[in-house]
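Structure data follow from target.cif (mmCIF, C-alpha atoms and all ligand atoms):
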data_data
#
loop_
_atom_site.label_atom_id
_atom_site.label_comp_id
_atom_site.auth_asym_id
_atom_site.auth_seq_id
_atom_site.Cartn_x
_atom_site.Cartn_y
_atom_site.Cartn_z
CA MET A 17 -123.74 -44.86 -82.29
CA ASN A 18 -124.11 -41.17 -83.24
CA LYS A 19 -121.74 -38.69 -81.66
CA PRO A 20 -123.51 -36.58 -78.97
CA ARG A 21 -124.44 -33.23 -80.51
CA VAL A 22 -123.50 -31.21 -77.42
CA ARG A 23 -119.87 -31.41 -76.36
CA LEU A 24 -119.17 -29.70 -73.05
CA ALA A 25 -115.81 -28.39 -71.86
CA LEU A 26 -115.67 -27.83 -68.09
CA PHE A 27 -113.40 -25.26 -66.44
CA ALA A 28 -112.59 -25.74 -62.74
CA SER A 29 -109.94 -24.21 -60.47
CA GLY A 30 -110.35 -26.19 -57.27
CA ASN A 31 -112.05 -29.08 -55.57
CA GLY A 32 -114.42 -29.81 -58.45
CA THR A 33 -117.47 -31.15 -56.61
CA ASN A 34 -119.73 -29.37 -59.11
CA ALA A 35 -117.66 -30.69 -62.00
CA GLU A 36 -118.12 -34.18 -60.57
CA ALA A 37 -121.91 -33.74 -60.28
CA ILE A 38 -121.98 -32.61 -63.92
CA MET A 39 -119.80 -35.47 -65.19
CA ASN A 40 -121.95 -37.90 -63.27
CA HIS A 41 -125.17 -36.44 -64.68
CA PHE A 42 -124.04 -36.68 -68.31
CA ARG A 43 -122.16 -40.00 -68.00
CA HIS A 44 -124.60 -41.97 -70.16
CA HIS A 45 -126.44 -39.09 -71.78
CA PRO A 46 -127.34 -39.72 -75.45
CA GLU A 47 -127.05 -36.08 -76.56
CA VAL A 48 -124.56 -34.42 -74.23
CA GLU A 49 -120.98 -35.44 -73.51
CA VAL A 50 -118.33 -33.91 -71.25
CA ILE A 51 -115.27 -34.01 -73.48
CA LEU A 52 -112.67 -32.08 -71.52
CA LEU A 53 -111.94 -30.60 -68.10
CA LEU A 54 -109.56 -27.66 -68.13
CA SER A 55 -107.89 -26.01 -65.16
CA ASN A 56 -105.55 -23.13 -64.44
CA ASN A 57 -104.42 -24.98 -61.32
CA PRO A 58 -102.25 -28.09 -61.62
CA GLU A 59 -103.17 -28.99 -58.02
CA ALA A 60 -106.94 -28.80 -58.61
CA PHE A 61 -108.64 -31.92 -57.29
CA ALA A 62 -111.14 -31.46 -60.13
CA LEU A 63 -108.46 -33.00 -62.39
CA GLU A 64 -108.50 -36.24 -60.35
CA ARG A 65 -112.28 -36.32 -60.45
CA ALA A 66 -112.21 -36.04 -64.27
CA LYS A 67 -109.85 -39.02 -64.56
CA LYS A 68 -112.36 -41.14 -62.65
CA PHE A 69 -114.89 -40.40 -65.42
CA GLN A 70 -112.31 -40.92 -68.19
CA VAL A 71 -112.71 -37.27 -69.15
CA LYS A 72 -109.58 -35.75 -70.73
CA THR A 73 -107.86 -33.03 -68.72
CA SER A 74 -105.66 -30.08 -69.54
CA VAL A 75 -103.86 -27.48 -67.41
CA PHE A 76 -103.09 -24.07 -68.87
CA THR A 77 -101.16 -20.97 -67.85
CA ARG A 78 -102.47 -17.40 -67.80
CA GLN A 79 -100.44 -16.74 -70.95
CA GLU A 80 -102.03 -19.71 -72.76
CA PHE A 81 -105.47 -18.57 -71.63
CA ARG A 82 -104.93 -15.11 -73.09
CA ASP A 83 -102.95 -15.86 -76.25
CA GLY A 84 -105.58 -18.04 -77.93
CA HIS A 85 -103.98 -21.40 -77.07
CA VAL A 86 -106.94 -22.50 -74.95
CA LEU A 87 -109.43 -21.34 -77.59
CA GLN A 88 -107.54 -23.37 -80.21
CA GLN A 89 -107.62 -26.40 -77.96
CA LEU A 90 -111.38 -26.06 -77.48
CA LYS A 91 -111.90 -25.80 -81.24
CA GLU A 92 -109.72 -28.81 -81.94
CA ALA A 93 -111.63 -30.84 -79.35
CA GLY A 94 -114.93 -29.80 -80.99
CA ALA A 95 -116.36 -28.21 -77.83
CA THR A 96 -119.81 -26.69 -78.42
CA HIS A 97 -120.46 -25.24 -74.94
CA ILE A 98 -118.36 -24.19 -71.93
CA VAL A 99 -119.34 -24.76 -68.32
CA LEU A 100 -117.57 -22.91 -65.51
CA ALA A 101 -117.65 -24.91 -62.29
CA GLY A 102 -115.71 -23.08 -59.60
CA PHE A 103 -113.42 -21.31 -62.07
CA LEU A 104 -111.50 -18.26 -60.85
CA TRP A 105 -110.25 -16.28 -63.82
CA LEU A 106 -112.06 -13.76 -66.01
CA ILE A 107 -112.77 -15.23 -69.46
CA PRO A 108 -110.84 -13.42 -72.24
CA ALA A 109 -112.95 -11.43 -74.74
CA GLU A 110 -111.80 -13.59 -77.66
CA LEU A 111 -113.14 -16.72 -76.00
CA ILE A 112 -116.41 -14.99 -75.12
CA SER A 113 -116.95 -13.96 -78.76
CA ALA A 114 -116.12 -17.43 -80.06
CA PHE A 115 -118.64 -18.98 -77.62
CA ARG A 116 -121.13 -16.11 -77.31
CA ASP A 117 -124.12 -17.27 -75.20
CA HIS A 118 -122.51 -20.71 -75.02
CA ILE A 119 -120.71 -20.22 -71.68
CA VAL A 120 -122.48 -20.73 -68.37
CA ASN A 121 -121.34 -20.12 -64.78
CA ILE A 122 -122.61 -20.87 -61.31
CA HIS A 123 -122.25 -18.32 -58.54
CA PRO A 124 -122.82 -19.28 -54.89
CA ALA A 125 -125.12 -16.35 -53.98
CA LEU A 126 -128.14 -14.48 -55.29
CA LEU A 127 -126.63 -12.14 -57.90
CA PRO A 128 -126.41 -9.21 -58.26
CA LYS A 129 -125.58 -9.39 -54.55
CA PHE A 130 -122.15 -10.67 -53.52
CA GLY A 131 -120.73 -10.89 -57.04
CA GLY A 132 -117.77 -9.41 -58.87
CA LYS A 133 -114.00 -9.79 -58.86
CA GLY A 134 -112.62 -11.68 -55.87
CA MET A 135 -116.04 -13.00 -54.84
CA TYR A 136 -115.33 -16.69 -54.97
CA GLY A 137 -116.25 -19.71 -52.86
CA SER A 138 -115.95 -19.17 -49.09
CA ARG A 139 -115.44 -15.40 -49.45
CA VAL A 140 -118.98 -15.14 -50.74
CA HIS A 141 -120.43 -17.01 -47.75
CA GLU A 142 -118.38 -14.90 -45.32
CA ALA A 143 -119.79 -11.75 -46.94
CA VAL A 144 -123.37 -13.08 -46.72
CA LYS A 145 -122.84 -13.84 -43.02
CA ALA A 146 -121.23 -10.44 -42.37
CA ALA A 147 -124.15 -8.66 -44.08
CA GLY A 148 -126.63 -10.49 -41.83
CA ASP A 149 -128.76 -11.61 -44.80
CA THR A 150 -131.46 -14.14 -43.99
CA GLN A 151 -131.44 -15.67 -47.48
CA THR A 152 -128.80 -16.74 -49.92
CA GLY A 153 -128.69 -19.22 -52.78
CA ILE A 154 -127.29 -19.91 -56.21
CA THR A 155 -127.30 -18.10 -59.53
CA ILE A 156 -126.70 -19.81 -62.86
CA HIS A 157 -125.97 -17.28 -65.58
CA LEU A 158 -124.49 -16.77 -69.02
CA VAL A 159 -120.96 -15.40 -69.07
CA ASN A 160 -119.96 -12.12 -70.66
CA GLU A 161 -116.83 -9.96 -70.47
CA ARG A 162 -117.57 -8.84 -66.88
CA TYR A 163 -117.56 -10.91 -63.69
CA ASP A 164 -121.01 -12.24 -62.75
CA GLU A 165 -122.99 -9.89 -65.02
CA GLY A 166 -124.33 -12.16 -67.79
CA ARG A 167 -128.01 -12.96 -68.23
CA ILE A 168 -129.45 -14.96 -65.33
CA LEU A 169 -130.93 -18.33 -66.32
CA PHE A 170 -131.88 -19.67 -62.91
CA GLN A 171 -131.80 -18.88 -59.19
CA ALA A 172 -132.67 -20.94 -56.11
CA GLU A 173 -132.75 -19.75 -52.51
CA CYS A 174 -132.01 -21.12 -49.07
CA GLU A 175 -132.42 -19.71 -45.60
CA VAL A 176 -129.55 -18.29 -43.55
CA LEU A 177 -130.13 -18.74 -39.82
CA SER A 178 -128.40 -16.62 -37.19
CA SER A 179 -126.70 -19.83 -36.01
CA ASP A 180 -125.22 -20.47 -39.49
CA THR A 181 -121.50 -20.07 -40.09
CA PRO A 182 -119.86 -19.52 -43.49
CA ASP A 183 -119.21 -23.30 -43.54
CA THR A 184 -122.82 -24.27 -42.88
CA ILE A 185 -123.98 -21.71 -45.45
CA ALA A 186 -121.54 -23.25 -47.93
CA ALA A 187 -123.01 -26.71 -47.28
CA LYS A 188 -126.57 -25.49 -47.97
CA VAL A 189 -125.46 -23.68 -51.12
CA HIS A 190 -123.51 -26.70 -52.38
CA ALA A 191 -126.58 -28.89 -51.94
CA LEU A 192 -128.55 -26.47 -54.16
CA GLU A 193 -125.72 -26.45 -56.70
CA TYR A 194 -125.57 -30.23 -57.07
CA LYS A 195 -129.36 -30.44 -57.29
CA HIS A 196 -129.82 -27.79 -59.97
CA TYR A 197 -126.66 -27.09 -61.97
CA PRO A 198 -126.58 -30.31 -64.04
CA THR A 199 -130.26 -30.11 -64.99
CA VAL A 200 -130.15 -26.39 -65.79
CA ILE A 201 -127.09 -27.05 -68.00
CA GLU A 202 -128.99 -29.85 -69.74
CA GLN A 203 -132.00 -27.64 -70.45
CA TRP A 204 -129.81 -24.76 -71.56
CA CYS A 205 -127.52 -26.64 -73.90
CA LEU A 206 -130.39 -28.59 -75.44
CA ARG A 207 -132.34 -25.33 -75.67
CA ARG A 208 -135.24 -26.33 -73.46
CA GLN A 209 -136.76 -23.76 -71.13
CA PRO A 210 -135.83 -24.23 -67.44
CA SER A 211 -138.96 -25.45 -65.62
C1 LIG X 301 -118.91 -23.42 -55.92
O1 LIG X 301 -119.65 -23.13 -54.78
C2 LIG X 301 -119.18 -22.38 -57.00
O2 LIG X 301 -120.47 -21.87 -56.96
C3 LIG X 301 -118.18 -21.33 -56.64
O3 LIG X 301 -117.03 -22.03 -56.25
C4 LIG X 301 -117.41 -23.25 -55.64
C5 LIG X 301 -116.56 -24.35 -56.25
O4 LIG X 301 -116.76 -25.57 -55.58
N1 LIG X 301 -117.94 -20.43 -57.74
C6 LIG X 301 -117.67 -19.15 -57.56
O5 LIG X 301 -117.55 -18.66 -56.45
C7 LIG X 301 -117.52 -18.32 -58.83
N2 LIG X 301 -117.46 -16.93 -58.54
P1 LIG X 301 -116.35 -26.94 -56.28
O6 LIG X 301 -114.93 -26.77 -56.82
O7 LIG X 301 -116.39 -27.97 -55.19
O8 LIG X 301 -117.34 -27.19 -57.37
#

So, in terms of structure tokens, how does the structure I just supplied come out?
Amino acid sequence: MNKPRVRLALFASGNGTNAEAIMNHFRHHPEVEVILLLSNNPEAFALERAKKFQVKTSVFTRQEFRDGHVLQQLKEAGATHIVLAGFLWLIPAELISAFRDHIVNIHPALLPKFGGKGMYGSRVHEAVKAAGDTQTGITIHLVNERYDEGRILFQAECEVLSSDTPDTIAAKVHALEYKHYPTVIEQWCLRRQPS
């Protein structure tokens, strides 16, 4: 059988429910394979999820992320695209240039609102609630040198009711993430237009 032409490396810092949805989506895909899950956090449950799918895992330090070690590892593994799935750290410029327009991220709000450094996971939903917004959603975007500023590929919205809490907002946003992130990644990495 031919080797899949798209080889995805996932980066995840925490629970990894998005990483799991992605690994599940591409499990038997003829053209796209998840080859590696990398994490900055040795305790990340995402690492356990990867083992279930027989996806190789690797944990790296901040030093290894910045000194080119992680880039080398990605090259050796033959990664063609990078998918951030709940990943906390800013991507070093060297890695961005090596994978220019080949790194995608998901953000749990409607960028440009509620983005930037420190806006991660539950903090984002708390900020949406505090602002009294009646809509939130997800943004899937390319990654550049600045937090949450790369070109937007896709957004989807959901309602925020006055009875919602940050936890119930998170549940709605997660449902949108699992529904859309794997298919948007598929269209993006195979260069089809999102429908
Ligand atoms: C997801 O909601 C993702 O959008 C968010 O972290 C969560 C990770 O959940 N990412 C960011 O906030 C990036 N700024 P998961 O580990 O269960 O996939």

Worksheet item: Given the choices A:Val189, A:Ala125, A:Ile107, A:Cys174, which gets closest to Glu161 in chain A if the distance is worked out from all atoms listed in the file?
Response: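 Counting all atoms listed in the file, the residue closest to Glu161 in chain A is A:Ile107.
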
Neighbouring residues of Ala191 in chain A were defined as those with any atom within 12 Å, considering all atoms listed in the file; residues of the same chain fewer than 2 positions away were excluded. Please report them as a PDB file with C-alpha atoms, in the frame of the given file.
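Wrote around_14.pdb, looks like this:
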ATOM      1  CA  THR A  33    -117.470 -31.150 -56.610  1.00  0.00           C
ATOM      2  CA  ASN A  34    -119.730 -29.370 -59.110  1.00  0.00           C
ATOM      3  CA  ALA A  37    -121.910 -33.740 -60.280  1.00  0.00           C
ATOM      4  CA  PRO A 124    -122.820 -19.280 -54.890  1.00  0.00           C
ATOM      5  CA  GLY A 153    -128.690 -19.220 -52.780  1.00  0.00           C
ATOM      6  CA  ILE A 154    -127.290 -19.910 -56.210  1.00  0.00           C
ATOM      7  CA  ALA A 172    -132.670 -20.940 -56.110  1.00  0.00           C
ATOM      8  CA  GLU A 173    -132.750 -19.750 -52.510  1.00  0.00           C
ATOM      9  CA  CYS A 174    -132.010 -21.120 -49.070  1.00  0.00           C
ATOM     10  CA  THR A 184    -122.820 -24.270 -42.880  1.00  0.00           C
ATOM     11  CA  ILE A 185    -123.980 -21.710 -45.450  1.00  0.00           C
ATOM     12  CA  ALA A 186    -121.540 -23.250 -47.930  1.00  0.00           C
ATOM     13  CA  ALA A 187    -123.010 -26.710 -47.280  1.00  0.00           C
ATOM     14  CA  LYS A 188    -126.570 -25.490 -47.970  1.00  0.00           C
ATOM     15  CA  VAL A 189    -125.460 -23.680 -51.120  1.00  0.00           C
ATOM     16  CA  GLU A 193    -125.720 -26.450 -56.700  1.00  0.00           C
ATOM     17  CA  TYR A 194    -125.570 -30.230 -57.070  1.00  0.00           C
ATOM     18  CA  LYS A 195    -129.360 -30.440 -57.290  1.00  0.00           C
ATOM     19  CA  HIS A 196    -129.820 -27.790 -59.970  1.00  0.00           C
ATOM     20  CA  TYR A 197    -126.660 -27.090 -61.970  1.00  0.00           C
TER      21      TYR A 197
END

Worksheet item: Which residue, A:Ala28, A:Met39, A:Ile51, A:Ala66, has the smallest gap to Ile201 in chain A when you use all atoms listed in the file?
Response: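 Once distances to Ile201 in chain A are computed over all atoms listed in the file, the minimum belongs to A:Met39.
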
Specify the axis-aligned box that encloses all atoms of range 127-146 of chain A listed in the file after padding of 5 Å on each side, stating its centre and edge lengths in Å to one decimal as lines of an AutoDock Vina configuration file.
center_x = -119.6
center_y = -14.5
center_z = -50.6
size_x = 24.0
size_y = 20.5
size_z = 26.5

Worksheet item: Which is closest to Lys67 in chain A among A:Gly166, A:Pro20, A:Pro108, A:Gly32, if we use only C-alpha atoms?
Response: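 Answer, going by the shortest atom-to-atom distance: A:Gly32.
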
Can you write out as JSON lines which residues of chain A fall within 9 Å of ligand LIG 301 (chain X), alongside each residue's closest atom pair and its distance in Å to one decimal, counting all atoms listed in the file and ordering rows by chain and ascending residue number?
{"residue": "A:Ala28", "atom": "CA", "partner": "X:LIG301", "partner_atom": "O6", "distance": 6.4}
{"residue": "A:Ser29", "atom": "CA", "partner": "X:LIG301", "partner_atom": "O6", "distance": 6.7}
{"residue": "A:Gly30", "atom": "CA", "partner": "X:LIG301", "partner_atom": "O6", "distance": 4.6}
{"residue": "A:Asn31", "atom": "CA", "partner": "X:LIG301", "partner_atom": "O6", "distance": 3.9}
{"residue": "A:Gly32", "atom": "CA", "partner": "X:LIG301", "partner_atom": "O6", "distance": 3.5}
{"residue": "A:Thr33", "atom": "CA", "partner": "X:LIG301", "partner_atom": "O7", "distance": 3.6}
{"residue": "A:Asn34", "atom": "CA", "partner": "X:LIG301", "partner_atom": "O8", "distance": 3.7}
{"residue": "A:Ala35", "atom": "CA", "partner": "X:LIG301", "partner_atom": "O8", "distance": 5.8}
{"residue": "A:Glu36", "atom": "CA", "partner": "X:LIG301", "partner_atom": "O8", "distance": 7.7}
{"residue": "A:Ala37", "atom": "CA", "partner": "X:LIG301", "partner_atom": "O8", "distance": 8.5}
{"residue": "A:Ala60", "atom": "CA", "partner": "X:LIG301", "partner_atom": "O6", "distance": 8.4}
{"residue": "A:Phe61", "atom": "CA", "partner": "X:LIG301", "partner_atom": "O6", "distance": 8.1}
{"residue": "A:Ala62", "atom": "CA", "partner": "X:LIG301", "partner_atom": "O6", "distance": 6.9}
{"residue": "A:Leu100", "atom": "CA", "partner": "X:LIG301", "partner_atom": "C7", "distance": 8.1}
{"residue": "A:Ala101", "atom": "CA", "partner": "X:LIG301", "partner_atom": "O8", "distance": 5.4}
{"residue": "A:Gly102", "atom": "CA", "partner": "X:LIG301", "partner_atom": "C5", "distance": 3.7}
{"residue": "A:Phe103", "atom": "CA", "partner": "X:LIG301", "partner_atom": "C7", "distance": 6.0}
{"residue": "A:Leu104", "atom": "CA", "partner": "X:LIG301", "partner_atom": "C7", "distance": 6.4}
{"residue": "A:Trp105", "atom": "CA", "partner": "X:LIG301", "partner_atom": "N2", "distance": 9.0}
{"residue": "A:Asn121", "atom": "CA", "partner": "X:LIG301", "partner_atom": "C7", "distance": 7.3}
{"residue": "A:Ile122", "atom": "CA", "partner": "X:LIG301", "partner_atom": "O2", "distance": 4.9}
{"residue": "A:His123", "atom": "CA", "partner": "X:LIG301", "partner_atom": "O2", "distance": 4.3}
{"residue": "A:Pro124", "atom": "CA", "partner": "X:LIG301", "partner_atom": "O2", "distance": 4.1}
{"residue": "A:Ala125", "atom": "CA", "partner": "X:LIG301", "partner_atom": "O2", "distance": 7.8}
{"residue": "A:Gly131", "atom": "CA", "partner": "X:LIG301", "partner_atom": "N2", "distance": 7.0}
{"residue": "A:Gly132", "atom": "CA", "partner": "X:LIG301", "partner_atom": "N2", "distance": 7.5}
{"residue": "A:Lys133", "atom": "CA", "partner": "X:LIG301", "partner_atom": "N2", "distance": 7.9}
{"residue": "A:Gly134", "atom": "CA", "partner": "X:LIG301", "partner_atom": "N2", "distance": 7.6}
{"residue": "A:Met135", "atom": "CA", "partner": "X:LIG301", "partner_atom": "N2", "distance": 5.6}
{"residue": "A:Tyr136", "atom": "CA", "partner": "X:LIG301", "partner_atom": "O5", "distance": 3.3}
{"residue": "A:Gly137", "atom": "CA", "partner": "X:LIG301", "partner_atom": "O5", "distance": 4.0}
{"residue": "A:Ser138", "atom": "CA", "partner": "X:LIG301", "partner_atom": "O5", "distance": 7.5}
{"residue": "A:Arg139", "atom": "CA", "partner": "X:LIG301", "partner_atom": "O5", "distance": 8.0}
{"residue": "A:Val140", "atom": "CA", "partner": "X:LIG301", "partner_atom": "O5", "distance": 6.9}
{"residue": "A:Ile154", "atom": "CA", "partner": "X:LIG301", "partner_atom": "O2", "distance": 7.1}
{"residue": "A:Thr155", "atom": "CA", "partner": "X:LIG301", "partner_atom": "O2", "distance": 8.2}
{"residue": "A:Ile156", "atom": "CA", "partner": "X:LIG301", "partner_atom": "O2", "distance": 8.8}
{"residue": "A:Tyr163", "atom": "CA", "partner": "X:LIG301", "partner_atom": "N2", "distance": 7.9}
{"residue": "A:Asp164", "atom": "CA", "partner": "X:LIG301", "partner_atom": "N2", "distance": 7.2}
{"residue": "A:Ala186", "atom": "CA", "partner": "X:LIG301", "partner_atom": "O1", "distance": 7.1}
{"residue": "A:Ala187", "atom": "CA", "partner": "X:LIG301", "partner_atom": "O1", "distance": 9.0}
{"residue": "A:Val189", "atom": "CA", "partner": "X:LIG301", "partner_atom": "O1", "distance": 6.9}
{"residue": "A:His190", "atom": "CA", "partner": "X:LIG301", "partner_atom": "O1", "distance": 5.8}
{"residue": "A:Glu193", "atom": "CA", "partner": "X:LIG301", "partner_atom": "O2", "distance": 7.0}
{"residue": "A:Tyr194", "atom": "CA", "partner": "X:LIG301", "partner_atom": "O8", "distance": 8.8}

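Atom pair CA of Val159 in chain A / CA of Pro128 in chain A: separated by 13.6 Å.
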
Worksheet, complete the sentence: In Å and to one decimal, CA of His157 in chain A is distant from CA of Ser179 in chain A by 29.7 Å
